[in-house]
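What follows is a short report on a single structure.
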Protein chains: 2
Amino acid sequence: MEKKHLILVAGGSGSRMGSATPKQFLLLGGRPILLRTLEQFFAYDSTINVVIALPEAAIEAWQKIVKTYAISIPHTFVVGGATRFHSVKNALSKIEGEGLVAVHDGVRPLVSHATIEFCFGEAEKSGAAIPTIPLSDSIRKKVGDGKSVAVNRSDFCAVQTPQVFRLSVLRKAYEQEYCNDFTDDASVVESAGYKVSLVQGNVENIKVTTPADLIFAEAIIKKVTGNE
Amino acid sequence: MEKKHLILVAGGSGSRMGSATPKQFLLLGGRPILLRTLEQFFAYDSTINVVIALPEAAIEAWQKIVKTYAISIPHTFVVGGATRFHSVKNALSKIEGEGLVAVHDGVRPLVSHATIEFCFGEAEKSGAAIPTIPLSDSIRKKVGDGKSVAVNRSDFCAVQTPQVFRLSVLRKAYEQEYCNDFTDDASVVESAGYKVSLVQGNVENIKVTTPADLIFAEAIIKKVTGNE
């Protein structure tokens, strides 16, 4: 397979978590979430080239974590931008050469190696691949004025990360001007005229953004490590 | 408040759980999921009138659970139908008098009393209320032929249960012929011309349908009971 790169987007402030600690640094089974996410990709491929996009205010905390946990996983970081788009663009500017690049949420530590592999494998063939899972709840579309309509949930799927692209594709896509409709990297790439393939994600691969998510993630980690 | 009724829909076969036990009977913190769901509503209002819709094959198992756990919560049950629509219709035919009726998934044991209260309170005012939460993942719409398009997740919300209705409204709605577009009770009620109000659900109120869901629910129960 081609050379693999990883952009970890770790820009959130943690306001939904009700905690002063940015959510990417909250402890999960005794280790900061972002560190667990990094370690999960490193365990998948120890040659992966990693760039982390961090808010300026979080850089000192991250450097402290690297020291405290004696992290020897090679990585660089960039200061995140005003939006996710700008953070990814900054990180992308630090990646040289060719190959495939995964863009992944720093607060999705439970991504499986199978999900990572499916995404890289499909992106190598088609240029762009994102992991999806079926929706577990019914959904409704809000149509304004407090009104809403039922829609068929089987027509939709939930989108996770990593979103993996051929580097040349992602670079071309990020030459576009920023637009409010860019909800994730797939939408940026599609807006540039490319097709995005869907592959299977894993249900545990949640974005850890609420206290309930943290409880879930703790439980999964305990289950996997047998460390109850 | 008016008289409260509850229809618990417990029709699933548990195929997604990879278990021979129907998912509503799997143990959660040592007690069957359906029993925990029943107990949660009973704790909210011990005068609630309960009808459980069960698959024929599950009735004996449920009766055994009632005996084993010495359950004294008054309830009746009906045999579920071919679809959720038919199960609810059967259960509804057993409810006499007037008041408000909650239709709830038997495998949502983590519904909060606040969610139940919001739904009953709003249904008493407007006739129909359902709990919703924001989507945590991005979603895409599948448009056939392997293609999909990004949609704005903030235009959508995830729908939970209990879905609560004035009895007269739900009875009128269930006089309709069954239609494949009926995804939940709200869609049946809307199809009969009524408006449905959205109230706030709780993020823990998941449908326990996969092993990961069960791990999450176990962790939440442990957290709540302090029983680690």
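Simple scheme: letters A, B, ... for chains in structure tokens order, numbers from 1 for residues in each chain, numbers from 1 for ligands in the order shown.
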| task | Please give the complete set of residues from segment 58-161 of chain B that DSSP, run on the backbone, assigns to strand (DSSP E or B), formatted as an MDAnalysis selection string. | result | chainID B and resid 76:79 100:105 128:134 138:144 147:151 156:159
| request: Could you list the residues in chain B lying within 8 Å of chain A, using only C-alpha atoms, and format the result as a PyMOL selection string? | output: chain B and resi 136-143+146-147+150+152+155-160+181+183-184+187+197-198+203-204+207+212+215-217+219-220
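As for atom CA of Gln200 of chain A and atom CA of Gly99 of chain A, they are spaced 21.8 Å apart.
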| task | Choose the residue, out of B:Glu39, B:Asp145, B:Glu56, B:Glu117, that has the smallest atom-to-atom separation from Val164 of chain B; count only C-alpha atoms. | result | B:Glu117
Which residues are near Leu34 of chain B? Cut-off 12 Å, only C-alpha atoms, ignore same chain within fewer than 2 positions. Put them as a PDB file with N, CA and C atoms, in the first residue's frame.
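Wrote part-v4.pdb, looks like this:
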```
ATOM      1  N   LEU B   8     -45.762  -1.003  26.186  1.00  0.00           N
ATOM      2  CA  LEU B   8     -44.352  -1.364  26.007  1.00  0.00           C
ATOM      3  C   LEU B   8     -44.270  -2.321  24.822  1.00  0.00           C
ATOM      4  N   VAL B   9     -43.511  -1.924  23.803  1.00  0.00           N
ATOM      5  CA  VAL B   9     -43.384  -2.750  22.607  1.00  0.00           C
ATOM      6  C   VAL B   9     -42.108  -3.562  22.727  1.00  0.00           C
ATOM      7  N   ALA B  10     -42.272  -4.881  22.816  1.00  0.00           N
ATOM      8  CA  ALA B  10     -41.122  -5.757  23.060  1.00  0.00           C
ATOM      9  C   ALA B  10     -41.168  -6.896  22.057  1.00  0.00           C
ATOM     10  N   GLY B  11     -40.998  -6.532  20.793  1.00  0.00           N
ATOM     11  CA  GLY B  11     -41.230  -7.513  19.734  1.00  0.00           C
ATOM     12  C   GLY B  11     -39.998  -8.080  19.081  1.00  0.00           C
ATOM     13  N   GLY B  12     -38.812  -7.539  19.382  1.00  0.00           N
ATOM     14  CA  GLY B  12     -37.618  -7.919  18.625  1.00  0.00           C
ATOM     15  C   GLY B  12     -37.135  -9.321  18.911  1.00  0.00           C
ATOM     16  N   PRO B  22     -33.906 -13.467  23.337  1.00  0.00           N
ATOM     17  CA  PRO B  22     -34.434 -12.225  22.740  1.00  0.00           C
ATOM     18  C   PRO B  22     -33.852 -11.024  23.474  1.00  0.00           C
ATOM     19  N   LYS B  23     -33.509  -9.971  22.733  1.00  0.00           N
ATOM     20  CA  LYS B  23     -32.723  -8.884  23.329  1.00  0.00           C
ATOM     21  C   LYS B  23     -33.414  -8.222  24.510  1.00  0.00           C
ATOM     22  N   GLN B  24     -34.757  -8.224  24.507  1.00  0.00           N
ATOM     23  CA  GLN B  24     -35.461  -7.587  25.631  1.00  0.00           C
ATOM     24  C   GLN B  24     -35.294  -8.345  26.937  1.00  0.00           C
ATOM     25  N   PHE B  25     -34.784  -9.599  26.855  1.00  0.00           N
ATOM     26  CA  PHE B  25     -34.601 -10.407  28.072  1.00  0.00           C
ATOM     27  C   PHE B  25     -33.137 -10.543  28.486  1.00  0.00           C
ATOM     28  N   LEU B  26     -32.225  -9.978  27.712  1.00  0.00           N
ATOM     29  CA  LEU B  26     -30.816 -10.011  28.120  1.00  0.00           C
ATOM     30  C   LEU B  26     -30.657  -9.279  29.447  1.00  0.00           C
ATOM     31  N   LEU B  27     -29.697  -9.713  30.241  1.00  0.00           N
ATOM     32  CA  LEU B  27     -29.518  -9.111  31.559  1.00  0.00           C
ATOM     33  C   LEU B  27     -28.710  -7.824  31.483  1.00  0.00           C
ATOM     34  N   LEU B  28     -29.178  -6.855  32.231  1.00  0.00           N
ATOM     35  CA  LEU B  28     -28.517  -5.556  32.327  1.00  0.00           C
ATOM     36  C   LEU B  28     -28.373  -5.296  33.821  1.00  0.00           C
ATOM     37  N   ARG B  31     -30.585  -7.728  35.746  1.00  0.00           N
ATOM     38  CA  ARG B  31     -32.040  -7.785  35.558  1.00  0.00           C
ATOM     39  C   ARG B  31     -32.373  -7.697  34.078  1.00  0.00           C
ATOM     40  N   PRO B  32     -33.370  -8.445  33.609  1.00  0.00           N
ATOM     41  CA  PRO B  32     -33.728  -8.389  32.178  1.00  0.00           C
ATOM     42  C   PRO B  32     -34.073  -6.961  31.742  1.00  0.00           C
ATOM     43  N   ARG B  36     -36.310  -3.872  33.515  1.00  0.00           N
ATOM     44  CA  ARG B  36     -35.768  -2.570  33.912  1.00  0.00           C
ATOM     45  C   ARG B  36     -36.584  -1.430  33.301  1.00  0.00           C
ATOM     46  N   THR B  37     -36.997  -1.611  32.057  1.00  0.00           N
ATOM     47  CA  THR B  37     -37.790  -0.572  31.394  1.00  0.00           C
ATOM     48  C   THR B  37     -39.125  -0.396  32.119  1.00  0.00           C
ATOM     49  N   LEU B  38     -39.767  -1.525  32.402  1.00  0.00           N
ATOM     50  CA  LEU B  38     -41.042  -1.495  33.137  1.00  0.00           C
ATOM     51  C   LEU B  38     -40.871  -0.806  34.493  1.00  0.00           C
ATOM     52  N   GLU B  39     -39.807  -1.178  35.195  1.00  0.00           N
ATOM     53  CA  GLU B  39     -39.560  -0.613  36.528  1.00  0.00           C
ATOM     54  C   GLU B  39     -39.302   0.900  36.482  1.00  0.00           C
ATOM     55  N   GLN B  40     -38.692   1.359  35.388  1.00  0.00           N
ATOM     56  CA  GLN B  40     -38.392   2.785  35.260  1.00  0.00           C
ATOM     57  C   GLN B  40     -39.683   3.605  35.159  1.00  0.00           C
ATOM     58  N   PHE B  41     -40.666   3.087  34.415  1.00  0.00           N
ATOM     59  CA  PHE B  41     -41.951   3.792  34.307  1.00  0.00           C
ATOM     60  C   PHE B  41     -42.744   3.687  35.611  1.00  0.00           C
ATOM     61  N   ILE B  52     -48.076  -4.763  27.803  1.00  0.00           N
ATOM     62  CA  ILE B  52     -46.841  -5.128  27.098  1.00  0.00           C
ATOM     63  C   ILE B  52     -47.201  -5.963  25.866  1.00  0.00           C
ATOM     64  N   ALA B  53     -46.655  -5.588  24.704  1.00  0.00           N
ATOM     65  CA  ALA B  53     -46.848  -6.381  23.485  1.00  0.00           C
ATOM     66  C   ALA B  53     -45.627  -7.274  23.285  1.00  0.00           C
ATOM     67  N   LEU B  54     -45.841  -8.578  23.377  1.00  0.00           N
ATOM     68  CA  LEU B  54     -44.744  -9.557  23.313  1.00  0.00           C
ATOM     69  C   LEU B  54     -44.954 -10.515  22.145  1.00  0.00           C
ATOM     70  N   ALA B  58     -42.250 -15.440  23.170  1.00  0.00           N
ATOM     71  CA  ALA B  58     -41.546 -14.858  24.322  1.00  0.00           C
ATOM     72  C   ALA B  58     -42.412 -14.823  25.582  1.00  0.00           C
ATOM     73  N   ALA B  61     -41.269 -17.055  28.536  1.00  0.00           N
ATOM     74  CA  ALA B  61     -40.043 -16.515  29.149  1.00  0.00           C
ATOM     75  C   ALA B  61     -40.365 -15.314  30.034  1.00  0.00           C
ATOM     76  N   TRP B  62     -41.271 -14.462  29.569  1.00  0.00           N
ATOM     77  CA  TRP B  62     -41.637 -13.287  30.357  1.00  0.00           C
ATOM     78  C   TRP B  62     -42.337 -13.707  31.658  1.00  0.00           C
ATOM     79  N   ILE B  65     -39.843 -14.758  34.083  1.00  0.00           N
ATOM     80  CA  ILE B  65     -39.128 -13.608  34.657  1.00  0.00           C
ATOM     81  C   ILE B  65     -39.950 -12.971  35.774  1.00  0.00           C
ATOM     82  N   VAL B  66     -41.233 -12.807  35.521  1.00  0.00           N
ATOM     83  CA  VAL B  66     -42.131 -12.195  36.519  1.00  0.00           C
ATOM     84  C   VAL B  66     -42.078 -12.991  37.822  1.00  0.00           C
ATOM     85  N   HIS B 104     -43.674   2.953  24.154  1.00  0.00           N
ATOM     86  CA  HIS B 104     -42.228   2.969  24.449  1.00  0.00           C
ATOM     87  C   HIS B 104     -41.587   1.646  24.032  1.00  0.00           C
ATOM     88  N   ASP B 105     -40.365   1.754  23.521  1.00  0.00           N
ATOM     89  CA  ASP B 105     -39.593   0.555  23.168  1.00  0.00           C
ATOM     90  C   ASP B 105     -39.180  -0.193  24.425  1.00  0.00           C
ATOM     91  N   GLY B 106     -39.455  -1.488  24.472  1.00  0.00           N
ATOM     92  CA  GLY B 106     -39.076  -2.299  25.631  1.00  0.00           C
ATOM     93  C   GLY B 106     -37.580  -2.317  25.889  1.00  0.00           C
ATOM     94  N   VAL B 107     -36.790  -2.030  24.842  1.00  0.00           N
ATOM     95  CA  VAL B 107     -35.330  -2.071  24.987  1.00  0.00           C
ATOM     96  C   VAL B 107     -34.715  -0.676  25.148  1.00  0.00           C
ATOM     97  N   ARG B 108     -35.511   0.256  25.703  1.00  0.00           N
ATOM     98  CA  ARG B 108     -34.960   1.577  26.074  1.00  0.00           C
ATOM     99  C   ARG B 108     -35.101   1.752  27.579  1.00  0.00           C
ATOM    100  N   PRO B 109     -34.291   1.018  28.370  1.00  0.00           N
ATOM    101  CA  PRO B 109     -34.439   1.066  29.825  1.00  0.00           C
ATOM    102  C   PRO B 109     -33.871   2.344  30.445  1.00  0.00           C
ATOM    103  N   LEU B 110     -33.098   3.119  29.681  1.00  0.00           N
ATOM    104  CA  LEU B 110     -32.383   4.265  30.261  1.00  0.00           C
ATOM    105  C   LEU B 110     -33.118   5.587  30.070  1.00  0.00           C
ATOM    106  N   LYS B 207     -31.640   2.679  22.294  1.00  0.00           N
ATOM    107  CA  LYS B 207     -32.295   1.399  22.040  1.00  0.00           C
ATOM    108  C   LYS B 207     -31.185   0.355  22.154  1.00  0.00           C
ATOM    109  N   VAL B 208     -31.293  -0.555  23.095  1.00  0.00           N
ATOM    110  CA  VAL B 208     -30.209  -1.520  23.316  1.00  0.00           C
ATOM    111  C   VAL B 208     -30.341  -2.659  22.307  1.00  0.00           C
TER     112      VAL B 208
END
```
